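Peer 1: See structure15.cif below, with mmCIF, C-alpha atoms and all ligand atoms.
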data_data
loop_
_atom_site.label_atom_id
_atom_site.label_comp_id
_atom_site.auth_asym_id
_atom_site.auth_seq_id
_atom_site.Cartn_x
_atom_site.Cartn_y
_atom_site.Cartn_z
CA MET A 1 -42.23 76.55 -27.79
CA ALA A 2 -39.29 78.87 -28.42
CA ILE A 3 -35.68 77.70 -28.03
CA GLN A 4 -34.86 77.29 -24.36
CA ALA A 5 -31.40 77.00 -22.92
CA GLY A 6 -31.01 73.98 -20.66
CA SER A 7 -30.75 75.08 -17.06
CA PHE A 8 -28.57 74.42 -14.03
CA ARG A 9 -27.48 76.48 -11.04
CA THR A 10 -23.70 76.32 -11.15
CA LEU A 11 -20.89 74.73 -13.09
CA GLU A 12 -17.86 74.21 -10.93
CA LEU A 13 -14.29 73.54 -12.03
CA THR A 14 -12.10 72.36 -9.16
CA ASP A 15 -8.30 72.14 -9.44
CA VAL A 16 -8.62 71.41 -13.16
CA GLY A 17 -5.26 70.70 -14.80
CA ARG A 18 -4.03 69.36 -18.09
CA SER A 19 -0.48 68.55 -19.08
CA PHE A 20 1.06 67.44 -22.37
CA GLY A 21 4.08 65.26 -21.75
CA GLY A 22 5.81 67.06 -18.91
CA HIS A 23 4.39 70.48 -19.81
CA ASN A 24 1.52 71.92 -17.76
CA ALA A 25 -0.79 73.66 -20.24
CA LEU A 26 -3.36 74.36 -17.49
CA THR A 27 -2.76 74.29 -13.73
CA ASP A 28 -5.26 74.41 -10.85
CA LEU A 29 -8.15 76.12 -12.60
CA ASN A 30 -10.80 76.85 -9.96
CA LEU A 31 -13.89 78.59 -11.22
CA THR A 32 -17.61 78.62 -10.45
CA ILE A 33 -19.78 79.65 -13.38
CA ARG A 34 -23.33 80.70 -12.56
CA ALA A 35 -26.18 79.92 -14.95
CA GLY A 36 -26.77 82.81 -17.34
CA GLU A 37 -23.23 84.18 -17.09
CA PHE A 38 -21.06 85.14 -20.04
CA ILE A 39 -17.50 84.20 -19.11
CA ALA A 40 -14.50 85.17 -21.25
CA LEU A 41 -11.26 83.20 -20.98
CA LEU A 42 -8.64 85.75 -21.92
CA GLY A 43 -4.89 85.73 -22.33
CA PRO A 44 -2.01 85.73 -24.80
CA SER A 45 -1.33 82.94 -27.27
CA GLY A 46 -0.35 79.70 -25.54
CA CYS A 47 -1.71 80.66 -22.10
CA GLY A 48 -4.05 77.65 -21.98
CA LYS A 49 -7.41 79.13 -23.02
CA SER A 50 -8.26 76.50 -25.63
CA THR A 51 -6.99 73.76 -23.35
CA ALA A 52 -9.41 74.96 -20.64
CA LEU A 53 -12.30 75.11 -23.11
CA ASN A 54 -11.51 71.69 -24.55
CA CYS A 55 -11.34 70.17 -21.05
CA LEU A 56 -14.75 71.68 -20.35
CA ALA A 57 -16.13 70.40 -23.66
CA GLY A 58 -14.85 66.88 -23.10
CA LEU A 59 -12.54 67.00 -26.12
CA LEU A 60 -9.50 66.66 -23.81
CA PRO A 61 -9.38 64.44 -20.73
CA LEU A 62 -8.24 66.19 -17.52
CA THR A 63 -4.97 65.17 -15.93
CA HIS A 64 -6.21 66.63 -12.64
CA GLY A 65 -9.36 67.92 -10.97
CA THR A 66 -13.11 67.65 -11.40
CA ILE A 67 -15.93 69.44 -13.23
CA ARG A 68 -19.46 69.41 -11.79
CA ILE A 69 -22.80 70.77 -12.90
CA ASP A 70 -24.81 71.17 -9.71
CA ASP A 71 -24.31 67.75 -8.08
CA GLU A 72 -23.48 65.87 -11.28
CA ARG A 73 -19.86 65.07 -12.06
CA ILE A 74 -19.39 65.64 -15.80
CA ASP A 75 -15.64 65.42 -16.46
CA THR A 76 -16.05 61.65 -16.72
CA LEU A 77 -18.75 61.97 -19.43
CA PRO A 78 -17.89 61.88 -23.14
CA ALA A 79 -18.33 65.18 -25.02
CA GLU A 80 -21.66 64.23 -26.64
CA LYS A 81 -23.21 63.41 -23.24
CA ARG A 82 -22.42 66.80 -21.69
CA GLY A 83 -25.16 68.66 -23.54
CA PHE A 84 -22.93 71.57 -24.59
CA GLY A 85 -22.94 73.52 -27.86
CA MET A 86 -19.64 74.45 -29.50
CA VAL A 87 -18.75 77.20 -31.95
CA PHE A 88 -15.26 77.22 -33.41
CA GLN A 89 -13.20 79.75 -35.29
CA ASN A 90 -13.35 77.73 -38.54
CA TYR A 91 -17.17 77.30 -38.49
CA ALA A 92 -16.86 73.54 -39.29
CA LEU A 93 -20.03 73.54 -41.44
CA PHE A 94 -20.92 70.72 -43.86
CA PRO A 95 -20.15 72.31 -47.26
CA HIS A 96 -22.57 70.11 -49.23
CA LEU A 97 -25.57 70.80 -46.95
CA SER A 98 -27.80 73.88 -47.06
CA VAL A 99 -27.99 76.26 -44.10
CA GLU A 100 -31.25 74.61 -43.01
CA LYS A 101 -29.78 71.13 -43.23
CA ASN A 102 -26.63 72.15 -41.36
CA VAL A 103 -28.78 73.50 -38.54
CA ALA A 104 -31.09 70.45 -38.61
CA PHE A 105 -28.26 67.91 -38.52
CA GLY A 106 -27.85 67.62 -34.75
CA LEU A 107 -31.61 67.32 -34.21
CA GLN A 108 -31.82 64.54 -36.83
CA MET A 109 -29.06 62.67 -35.03
CA ARG A 110 -31.22 62.88 -31.91
CA ASN A 111 -34.29 61.58 -33.79
CA VAL A 112 -36.34 64.70 -33.02
CA PRO A 113 -39.80 64.32 -34.67
CA LYS A 114 -40.09 66.06 -38.05
CA ALA A 115 -42.64 68.73 -37.14
CA GLU A 116 -40.69 69.81 -34.04
CA LEU A 117 -37.42 69.72 -35.99
CA LYS A 118 -38.81 72.05 -38.68
CA LYS A 119 -40.09 74.47 -36.08
CA ARG A 120 -36.84 74.56 -34.08
CA VAL A 121 -34.67 74.96 -37.19
CA ALA A 122 -36.84 77.86 -38.40
CA GLU A 123 -36.60 79.53 -34.98
CA ALA A 124 -32.82 79.15 -34.80
CA ILE A 125 -32.39 80.52 -38.32
CA ALA A 126 -34.65 83.47 -37.50
CA LEU A 127 -32.67 84.15 -34.33
CA VAL A 128 -29.44 84.61 -36.29
CA LYS A 129 -31.34 86.51 -39.02
CA LEU A 130 -30.63 84.14 -41.90
CA GLU A 131 -34.22 83.53 -43.08
CA ASP A 132 -33.37 84.76 -46.58
CA HIS A 133 -30.40 82.40 -46.88
CA ALA A 134 -31.85 79.17 -45.49
CA ARG A 135 -31.61 77.24 -48.77
CA LYS A 136 -28.06 78.37 -49.65
CA LEU A 137 -24.89 76.33 -49.27
CA PRO A 138 -22.19 77.61 -46.86
CA GLY A 139 -19.94 78.46 -49.83
CA GLN A 140 -22.54 80.99 -51.01
CA LEU A 141 -22.41 82.90 -47.71
CA SER A 142 -20.06 85.53 -46.28
CA GLY A 143 -17.79 84.67 -43.34
CA GLY A 144 -20.11 86.42 -40.88
CA GLN A 145 -23.15 84.58 -42.24
CA GLN A 146 -21.32 81.24 -41.98
CA GLN A 147 -20.47 82.02 -38.38
CA ARG A 148 -24.16 82.72 -37.74
CA VAL A 149 -25.01 79.28 -39.15
CA ALA A 150 -22.48 77.76 -36.74
CA ILE A 151 -24.15 79.62 -33.86
CA ALA A 152 -27.66 78.54 -34.98
CA ARG A 153 -26.44 74.94 -35.23
CA ALA A 154 -25.14 75.08 -31.66
CA ILE A 155 -28.15 76.76 -30.05
CA VAL A 156 -30.83 74.73 -31.83
CA LEU A 157 -29.84 71.84 -29.55
CA GLU A 158 -30.82 73.94 -26.52
CA PRO A 159 -27.44 73.41 -24.89
CA ARG A 160 -26.98 73.95 -21.17
CA LEU A 161 -23.64 75.62 -21.93
CA VAL A 162 -22.31 77.24 -25.11
CA LEU A 163 -18.56 77.12 -25.66
CA MET A 164 -16.98 79.45 -28.22
CA ASP A 165 -13.32 79.35 -29.24
CA GLU A 166 -12.23 82.60 -30.94
CA PRO A 167 -15.38 82.53 -33.11
CA LEU A 168 -14.75 85.93 -34.69
CA SER A 169 -11.06 85.77 -35.49
CA ASN A 170 -11.59 85.04 -39.21
CA LEU A 171 -13.86 88.03 -39.74
CA ASP A 172 -12.95 91.56 -40.78
CA ALA A 173 -12.92 94.36 -38.22
CA LYS A 174 -16.41 95.76 -38.91
CA LEU A 175 -18.06 92.36 -38.94
CA ARG A 176 -16.32 91.43 -35.69
CA LEU A 177 -17.92 94.44 -34.04
CA ASP A 178 -21.37 93.59 -35.39
CA MET A 179 -21.05 89.93 -34.39
CA ARG A 180 -19.96 90.86 -30.84
CA THR A 181 -23.29 92.62 -30.37
CA GLU A 182 -25.12 89.78 -32.07
CA ILE A 183 -23.61 87.05 -29.88
CA ARG A 184 -24.29 89.09 -26.75
CA ARG A 185 -27.92 89.62 -27.90
CA ILE A 186 -28.46 85.89 -28.52
CA HIS A 187 -26.85 85.05 -25.17
CA GLN A 188 -29.24 87.42 -23.39
CA ASN A 189 -32.39 86.56 -25.37
CA LEU A 190 -32.02 82.83 -24.77
CA GLY A 191 -30.68 83.08 -21.23
CA LEU A 192 -27.63 81.06 -22.32
CA THR A 193 -24.58 80.33 -20.25
CA THR A 194 -21.55 81.04 -22.41
CA VAL A 195 -17.81 80.45 -22.08
CA TYR A 196 -15.95 82.40 -24.74
CA VAL A 197 -12.24 82.15 -25.54
CA THR A 198 -10.45 85.18 -26.96
CA HIS A 199 -7.06 86.85 -26.94
CA ASP A 200 -8.71 90.20 -27.75
CA GLN A 201 -9.10 92.20 -24.54
CA GLU A 202 -11.59 94.64 -26.07
CA GLU A 203 -13.78 91.79 -27.24
CA ALA A 204 -13.70 90.23 -23.77
CA LEU A 205 -14.37 93.55 -22.00
CA SER A 206 -17.32 94.42 -24.21
CA MET A 207 -19.03 91.01 -24.16
CA ALA A 208 -18.41 89.24 -20.88
CA ASP A 209 -19.96 89.50 -17.42
CA ARG A 210 -16.72 88.14 -15.97
CA LEU A 211 -13.22 87.75 -17.32
CA VAL A 212 -10.78 85.00 -16.43
CA VAL A 213 -7.28 86.16 -17.30
CA LEU A 214 -4.81 83.33 -17.84
CA ARG A 215 -1.05 83.33 -18.12
CA GLU A 216 1.14 80.27 -18.61
CA GLY A 217 -1.76 77.99 -17.70
CA ARG A 218 -2.60 79.73 -14.43
CA VAL A 219 -5.45 82.08 -13.55
CA GLN A 220 -4.12 85.54 -12.81
CA GLN A 221 -7.39 87.35 -12.12
CA VAL A 222 -11.13 86.74 -12.24
CA GLY A 223 -13.34 89.81 -12.24
CA SER A 224 -15.86 92.04 -13.95
CA PRO A 225 -14.63 93.91 -17.03
CA GLU A 226 -14.34 97.08 -14.94
CA GLU A 227 -12.33 95.39 -12.18
CA VAL A 228 -9.85 93.83 -14.55
CA HIS A 229 -9.59 96.99 -16.63
CA THR A 230 -9.09 99.47 -13.80
CA SER A 231 -7.54 97.27 -11.10
CA PRO A 232 -5.25 94.62 -12.60
CA VAL A 233 -3.73 92.50 -9.84
CA ASN A 234 -0.21 92.20 -11.27
CA TRP A 235 1.86 93.70 -14.04
CA HIS A 236 1.24 90.79 -16.39
CA VAL A 237 -2.51 91.45 -16.31
CA ALA A 238 -1.88 95.21 -16.58
CA ASP A 239 0.35 94.66 -19.60
CA PHE A 240 -2.28 92.50 -21.24
CA MET A 241 -5.09 94.98 -20.47
CA GLY A 242 -3.45 97.84 -22.32
CA TYR A 243 -1.25 99.50 -19.67
CA ARG A 244 1.22 100.21 -22.44
CA ASN A 245 3.57 102.36 -20.41
CA MET A 246 5.67 100.12 -18.18
CA LEU A 247 8.61 101.74 -16.43
CA ASP A 248 11.12 100.06 -14.13
CA LEU A 249 11.65 102.42 -11.18
CA GLU A 250 12.41 102.34 -7.47
CA VAL A 251 10.24 103.14 -4.45
CA ALA A 252 11.41 106.45 -2.92
CA SER A 253 8.77 106.63 -0.21
CA ALA A 254 5.81 104.53 0.82
CA ASP A 255 2.82 105.21 3.05
CA ALA A 256 0.49 102.20 2.70
CA ASP A 257 -0.57 102.20 -0.96
CA ARG A 258 0.50 105.81 -1.58
CA VAL A 259 4.01 105.73 -2.91
CA VAL A 260 6.53 107.92 -4.64
CA VAL A 261 8.53 106.17 -7.34
CA ALA A 262 11.69 107.51 -8.92
CA GLY A 263 14.37 106.66 -11.46
CA SER A 264 15.51 107.56 -14.97
CA GLY A 265 15.14 111.26 -14.11
CA LEU A 266 11.47 110.86 -13.10
CA ARG A 267 9.78 111.19 -9.74
CA LEU A 268 6.05 110.80 -9.34
CA ARG A 269 3.27 109.88 -6.96
CA ALA A 270 1.56 106.59 -7.64
CA THR A 271 -0.59 103.84 -6.12
CA ALA A 272 0.92 100.54 -5.00
CA VAL A 273 -1.26 97.59 -5.97
CA GLU A 274 1.05 95.05 -4.33
CA ARG A 275 2.94 95.49 -1.05
CA VAL A 276 6.17 97.39 -1.65
CA ALA A 277 8.79 99.08 0.55
CA VAL A 278 11.30 101.90 0.13
CA GLY A 279 14.16 100.79 -2.11
CA ASP A 280 12.17 98.04 -3.88
CA LYS A 281 12.56 97.79 -7.61
CA VAL A 282 9.05 98.13 -9.03
CA ARG A 283 7.18 98.39 -12.29
CA LEU A 284 5.03 101.45 -12.89
CA ALA A 285 2.11 100.84 -15.25
CA MET A 286 0.04 103.57 -16.88
CA ARG A 287 -2.55 103.45 -19.64
CA PRO A 288 -1.92 105.89 -22.51
CA GLU A 289 -5.37 107.46 -21.95
CA ASP A 290 -4.46 108.22 -18.31
CA VAL A 291 -1.31 110.17 -19.24
CA ARG A 292 -2.30 113.56 -20.66
CA ILE A 293 -0.39 116.42 -22.18
CA ALA A 294 -1.00 119.50 -20.02
CA PRO A 295 -2.62 122.43 -21.88
CA ASP A 296 -0.17 124.89 -23.51
CA GLY A 297 2.00 126.68 -21.02
CA ALA A 298 0.72 124.77 -17.99
CA ALA A 299 3.35 122.61 -16.34
CA PRO A 300 1.91 121.55 -12.99
CA ALA A 301 4.30 120.53 -10.21
CA GLU A 302 4.96 116.79 -10.55
CA SER A 303 4.51 116.77 -14.31
CA ILE A 304 6.93 114.82 -16.49
CA PRO A 305 8.85 116.91 -19.05
CA ALA A 306 9.09 115.23 -22.46
CA THR A 307 9.54 115.88 -26.17
CA VAL A 308 6.96 114.92 -28.78
CA ALA A 309 8.30 112.24 -31.16
CA VAL A 310 5.23 111.08 -33.09
CA VAL A 311 1.58 112.13 -33.39
CA GLU A 312 -1.27 109.94 -34.69
CA TYR A 313 -4.85 111.04 -35.28
CA HIS A 314 -7.30 108.74 -33.45
CA GLY A 315 -10.71 110.23 -34.07
CA ARG A 316 -11.62 112.46 -31.14
CA GLU A 317 -8.08 112.63 -29.79
CA PHE A 318 -4.44 112.19 -30.66
CA ALA A 319 -2.16 109.31 -29.71
CA VAL A 320 1.23 110.82 -29.03
CA GLY A 321 4.60 109.15 -28.58
CA VAL A 322 7.02 111.18 -26.43
CA SER A 323 10.58 110.80 -25.15
CA THR A 324 11.82 111.90 -21.75
CA ALA A 325 15.23 113.52 -21.24
CA SER A 326 16.64 110.18 -20.10
CA GLY A 327 15.42 108.49 -23.29
CA LEU A 328 12.28 106.71 -22.02
CA THR A 329 9.46 106.38 -24.55
CA LEU A 330 5.89 106.96 -23.35
CA HIS A 331 2.55 106.60 -25.12
CA VAL A 332 0.11 109.33 -24.14
CA ARG A 333 -3.09 111.05 -25.30
CA SER A 334 -3.87 114.63 -26.13
CA ASP A 335 -7.05 116.42 -27.23
CA HIS A 336 -5.03 118.86 -29.34
CA ALA A 337 -2.35 118.01 -31.92
CA PRO A 338 1.13 118.86 -30.60
CA GLN A 339 4.05 119.47 -32.98
CA VAL A 340 6.79 116.88 -33.36
CA GLY A 341 9.81 118.22 -31.42
CA GLN A 342 7.61 120.30 -29.08
CA GLU A 343 8.46 120.30 -25.34
CA VAL A 344 5.43 119.18 -23.32
CA ALA A 345 4.50 118.44 -19.70
CA LEU A 346 2.77 115.13 -18.95
CA VAL A 347 0.33 114.69 -16.10
CA VAL A 348 -1.08 111.53 -14.59
CA ALA A 349 -3.37 111.16 -11.57
CA PRO A 350 -1.56 109.19 -8.81
CA GLU A 351 -4.51 106.77 -8.58
CA ARG A 352 -4.07 105.87 -12.26
CA ALA A 353 -0.31 105.25 -12.02
CA LEU A 354 -0.15 101.69 -10.68
CA VAL A 355 2.90 100.20 -9.01
CA PHE A 356 3.57 96.46 -9.08
CA ARG A 357 6.39 94.30 -7.87
CA SER A 358 8.71 93.79 -10.84
CA SER A 359 9.02 90.10 -10.35
CA LEU A 360 7.11 88.03 -7.90
CA ASP A 361 10.14 85.87 -7.19
CA ALA A 362 12.46 88.78 -6.45
CA ALA A 363 9.81 90.49 -4.33
CA ASP A 364 9.03 87.30 -2.48
CA LEU A 365 12.72 86.86 -1.83
CA SER A 366 13.11 90.39 -0.49
CA GLU A 367 10.07 89.81 1.72
CA VAL A 368 11.69 86.64 3.04
CA GLU A 369 14.91 88.62 3.58
CA ARG A 370 13.00 91.33 5.46
CA ASP A 371 11.32 88.70 7.60
CA LEU A 372 14.71 87.08 8.31
CA GLU A 373 16.13 90.50 9.17
CA GLU A 374 13.28 91.01 11.66
CA VAL A 375 14.00 87.62 13.21
CA ARG A 376 17.71 88.48 13.51
CA THR A 377 17.15 91.89 15.17
P1 LIG A 401 -3.88 80.30 -28.76
O1 LIG A 401 -4.55 81.59 -28.47
O2 LIG A 401 -2.59 80.45 -29.51
O3 LIG A 401 -4.81 79.24 -29.35
P2 LIG A 401 -4.18 79.15 -26.11
O4 LIG A 401 -4.14 80.14 -25.00
O5 LIG A 401 -5.51 78.66 -26.53
O6 LIG A 401 -3.38 79.71 -27.34
P3 LIG A 401 -3.51 76.39 -25.72
O7 LIG A 401 -3.83 75.97 -27.12
O8 LIG A 401 -4.46 76.01 -24.66
O9 LIG A 401 -3.25 77.95 -25.64
O10 LIG A 401 -2.06 75.83 -25.38
C1 LIG A 401 -1.48 75.95 -24.08
C2 LIG A 401 -0.14 75.27 -24.09
O11 LIG A 401 -0.28 73.88 -24.25
C3 LIG A 401 0.80 75.73 -25.18
O12 LIG A 401 2.10 75.81 -24.66
C4 LIG A 401 0.67 74.66 -26.23
O13 LIG A 401 1.85 74.56 -26.99
C5 LIG A 401 0.43 73.42 -25.40
N1 LIG A 401 -0.42 72.45 -26.11
C6 LIG A 401 -1.70 72.61 -26.48
N2 LIG A 401 -2.18 71.50 -27.09
C7 LIG A 401 -1.16 70.61 -27.12
C8 LIG A 401 -1.01 69.25 -27.61
N3 LIG A 401 -2.02 68.62 -28.19
N4 LIG A 401 0.19 68.67 -27.45
C9 LIG A 401 1.22 69.28 -26.82
N5 LIG A 401 1.14 70.55 -26.33
C10 LIG A 401 -0.01 71.21 -26.48
#
Output the file's structure as structure tokens, nothing else.
Ligand code: ATP
Peer 2:
Amino acid sequence: MAIQAGSFRTLELTDVGRSFGGHNALTDLNLTIRAGEFIALLGPSGCGKSTALNCLAGLLPLTHGTIRIDDERIDTLPAEKRGFGMVFQNYALFPHLSVEKNVAFGLQMRNVPKAELKKRVAEAIALVKLEDHARKLPGQLSGGQQQRVAIARAIVLEPRLVLMDEPLSNLDAKLRLDMRTEIRRIHQNLGLTTVYVTHDQEEALSMADRLVVLREGRVQQVGSPEEVHTSPVNWHVADFMGYRNMLDLEVASADADRVVVAGSGLRLRATAVERVAVGDKVRLAMRPEDVRIAPDGAAPAESIPATVAVVEYHGREFAVGVSTASGLTLHVRSDHAPQVGQEVALVVAPERALVFRSSLDAADLSEVERDLEEVRT
């Protein structure tokens, strides 16, 4: 029988929290993971990703909340009773054991009969394409090959959930790309359920079915790669997802989500993601690839005049840094190479210029003030 992932319907985290001393590393994590999903926990360093994964694994006790698989409560079980496989950044292989023996170790600990053990080890090694290296020691393998051994060692136990904590961060750029595809392939072939921690948004977007974006221990957004990429819910998520141009402006007019924002010599149409009103201080977020340099000579109404400061070749297009008359720096794209010092006109579609409240607290306060004003009048 081929390797089979253990099955369940849903894994449910309810109000999961973990604090260290007085510091909340993870607060109120609510998430339902469906069997077969590939979930990426994503966010900047220190946002609580590893804490969440370690709580799930049973390596850290929860200070709050529950974790259930179907009807079984598992947060009270020790790590080894949860039936999960783990793959870490540092591989954690036994250096004195061959690839085969590293992969066999967990099965031996479970007293799996010899014939079955041999068969399962051979299948796991074939799955990660290491047949030619089975007798080697980890020290005789490349970083990518060692990471494959770590994956084989986790999946040979037929885990009901595979947890991976930045498994590719020690590999070079090309190998990272290859291993992304490889991990995704193994996930799909075995019908695994995977929770994968990364701070690399491209890695998360390309591998996961759903992303959970964390910031300061709290979930900011849960969604498909496309949702999180094109519709971030607040400026923190936008910032993290590559909306590199962030400008602090003011709302000049607002008609539902269609707004005009102005300031620093700019005035442009944009889309409000959060509720804003005329006069609010807001943050405008635009991805470099959504801000284009208009073709030579064309300066459509509503374009932003700017001067080219730096040009970088990026394969099919150019990444261009420009300055506006008021001294703002913007990162934009162009399919032709402009000259440094050249005057250009920038265009951005209003639906790709996203407007967020600058600070939740300030916006909340102004909303309270507006409400109070309404009560007074
Ligand atoms: P990174 O990408 O840098 O690994 P992360 O998102 O995985 O970061 P965590 O390791 O989960 O973040 O840490 C979240 C917060 O909890 C941080 O502020 C961290 O300093 C704190 N923290 C984590 N582990 C401990 C610990 N054992 N003792 C005290 N504080 C901790």
Peer 1: Looking at all atoms listed in the file, which of A:Gln342, A:Gly327, A:Tyr196, A:Val291 is the one that sits closest to A:Val310?
Peer 2: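 For A:Val310, the nearest of the candidates is A:Gln342.
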Peer 1: Go through A:Ala40, A:Leu77, A:Arg68, A:Ala57 one by one, measure the shortest atom-to-atom distance of each to A:Thr14 using only C-alpha atoms, and give the residue with the smallest value.
Peer 2: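 The shortest atom-to-atom distance to A:Thr14 comes from A:Arg68.
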Peer 1: Report as a Markdown table: every residue of chain A with an atom at most 8 Å from ligand LIG 401 (chain A), its closest pair of atoms, and their distance in Å to one decimal, counting only C-alpha atoms and all ligand atoms, with rows sorted by chain and ascending residue number.
Peer 2:
| residue | atom | partner | partner_atom | distance |
| --- | --- | --- | --- | --- |
| A:Ser19 | CA | A:LIG401 | O11 | 7.4 |
| A:Phe20 | CA | A:LIG401 | C9 | 4.8 |
| A:Gly21 | CA | A:LIG401 | C9 | 7.1 |
| A:His23 | CA | A:LIG401 | N5 | 7.3 |
| A:Asn24 | CA | A:LIG401 | O11 | 7.0 |
| A:Ala25 | CA | A:LIG401 | O11 | 4.0 |
| A:Leu26 | CA | A:LIG401 | C1 | 7.0 |
| A:Leu42 | CA | A:LIG401 | O4 | 7.8 |
| A:Gly43 | CA | A:LIG401 | O4 | 6.2 |
| A:Pro44 | CA | A:LIG401 | O4 | 6.0 |
| A:Ser45 | CA | A:LIG401 | O2 | 3.6 |
| A:Gly46 | CA | A:LIG401 | O9 | 3.4 |
| A:Cys47 | CA | A:LIG401 | O4 | 3.8 |
| A:Gly48 | CA | A:LIG401 | O8 | 3.2 |
| A:Lys49 | CA | A:LIG401 | O4 | 4.0 |
| A:Ser50 | CA | A:LIG401 | O5 | 3.6 |
| A:Thr51 | CA | A:LIG401 | O8 | 3.6 |
| A:Ala52 | CA | A:LIG401 | O8 | 6.5 |
| A:Val197 | CA | A:LIG401 | O5 | 7.6 |
| A:Thr198 | CA | A:LIG401 | O1 | 7.1 |
| A:His199 | CA | A:LIG401 | O1 | 6.0 |
| A:Leu214 | CA | A:LIG401 | O4 | 7.9 |
| A:Glu216 | CA | A:LIG401 | C1 | 7.4 |
| A:Gly217 | CA | A:LIG401 | C1 | 6.7 |
Peer 1: Write out as a PDB file with C-alpha atoms, in the frame of the given file each polymer residue whose atoms come within 7 Å of stretch 99-116 of chain A, counting all atoms listed in the file; drop sequence neighbours fewer than 3 positions from it.
Peer 2:
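Produced file result_14.pdb, reproduced below:
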ATOM      1  CA  LEU A  93     -20.030  73.540 -41.440  1.00  0.00           C
ATOM      2  CA  PHE A  94     -20.920  70.720 -43.860  1.00  0.00           C
ATOM      3  CA  LYS A 119     -40.090  74.470 -36.080  1.00  0.00           C
ATOM      4  CA  ARG A 120     -36.840  74.560 -34.080  1.00  0.00           C
ATOM      5  CA  VAL A 121     -34.670  74.960 -37.190  1.00  0.00           C
ATOM      6  CA  ALA A 134     -31.850  79.170 -45.490  1.00  0.00           C
ATOM      7  CA  ARG A 135     -31.610  77.240 -48.770  1.00  0.00           C
ATOM      8  CA  LYS A 136     -28.060  78.370 -49.650  1.00  0.00           C
ATOM      9  CA  LEU A 137     -24.890  76.330 -49.270  1.00  0.00           C
ATOM     10  CA  PRO A 138     -22.190  77.610 -46.860  1.00  0.00           C
ATOM     11  CA  VAL A 149     -25.010  79.280 -39.150  1.00  0.00           C
ATOM     12  CA  ALA A 152     -27.660  78.540 -34.980  1.00  0.00           C
ATOM     13  CA  ARG A 153     -26.440  74.940 -35.230  1.00  0.00           C
ATOM     14  CA  LEU A 157     -29.840  71.840 -29.550  1.00  0.00           C
TER      15      LEU A 157
END
Peer 1: Counting all atoms listed in the file, figure out which residue out of A:Thr230, A:Asn245, A:Ser359, A:Ser323 gets nearest to A:Val282.
Peer 2: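 Of the candidates, the smallest distance to A:Val282 is held by A:Ser359.
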Peer 1: Find the residues around A:Met164 up to 12 Å (all atoms listed in the file counted), leave out those fewer than 3 positions away in its own chain, and share them as an MDAnalysis selection string.
Peer 2: chainID A and resid 38:41 49:50 52:54 56:57 84:91 147 150:151 154:155 161 167:169 183 187 193:198
Peer 1: Work out how far apart atom CA of A:Ala238 and atom CA of A:Gly223 are and give it in Å to one decimal.
Peer 2: 13.4 Å
Peer 1: Rounded to one decimal in Å, what is the spacing between atom CA of A:Gly341 and atom CA of A:Leu249?
Peer 2: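 Atom CA of A:Gly341 sits 25.7 Å away from atom CA of A:Leu249.
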Peer 1: Considering all atoms listed in the file, return as a list in words whatever protein or nucleic-acid residues lie within 7 Å of stretch 346-355 of chain A, sequence-local ones (same chain, fewer than 5 positions apart) excluded.
Peer 2: Arg269, Ala270, Thr271, Ala272, Val273, Val282, Arg283, Leu284, Ala285, Met286, Asp290, Val291, Arg292, Ile293, Ala294, Ser303, Ile304 and Pro305 of chain A
Peer 1: Let me make sure I understand: among A:Thr307, A:Ser224, A:Ser142, A:Ser7, which one has the smallest atom-to-atom distance to A:Ala325 if we use only C-alpha atoms?
Peer 2: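 Smallest separation from A:Ala325 among the options: A:Thr307.
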Peer 1: How many Å separate atom CA of A:Ser206 from atom CA of A:Val222?
Peer 2: 15.5 Å
Peer 1: Just checking: using all atoms listed in the file, which residue out of A:Gly139, A:Pro159, A:His336, A:Leu130 ends up closest to A:Lys81?
Peer 2: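 Of A:Gly139, A:Pro159, A:His336, A:Leu130, the one nearest A:Lys81 is A:Pro159, counting all atoms listed in the file.
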Peer 1: What are the centre and edge lengths in Å, to one decimal, of the axis-aligned box around all listed atoms of stretch 149-155 of chain A with 4 Å added on each side, as JSON?
Peer 2:
{"center_x": -25.3, "center_y": 77.3, "center_z": -34.6, "size_x": 13.7, "size_y": 12.7, "size_z": 17.1}
Peer 1: From the set A:Ser98, A:Asp15, A:Asp239, A:Gly36, which residue has the shortest atom-to-atom contact distance to A:Thr63, counting all atoms listed in the file?
Peer 2: A:Asp15
Peer 1: Please identify all polymer residues within 9 Å of A:Pro295, counting all atoms listed in the file, omitting same-chain residues fewer than 5 positions from it, and present them as a count of residues only.
Peer 2: 4
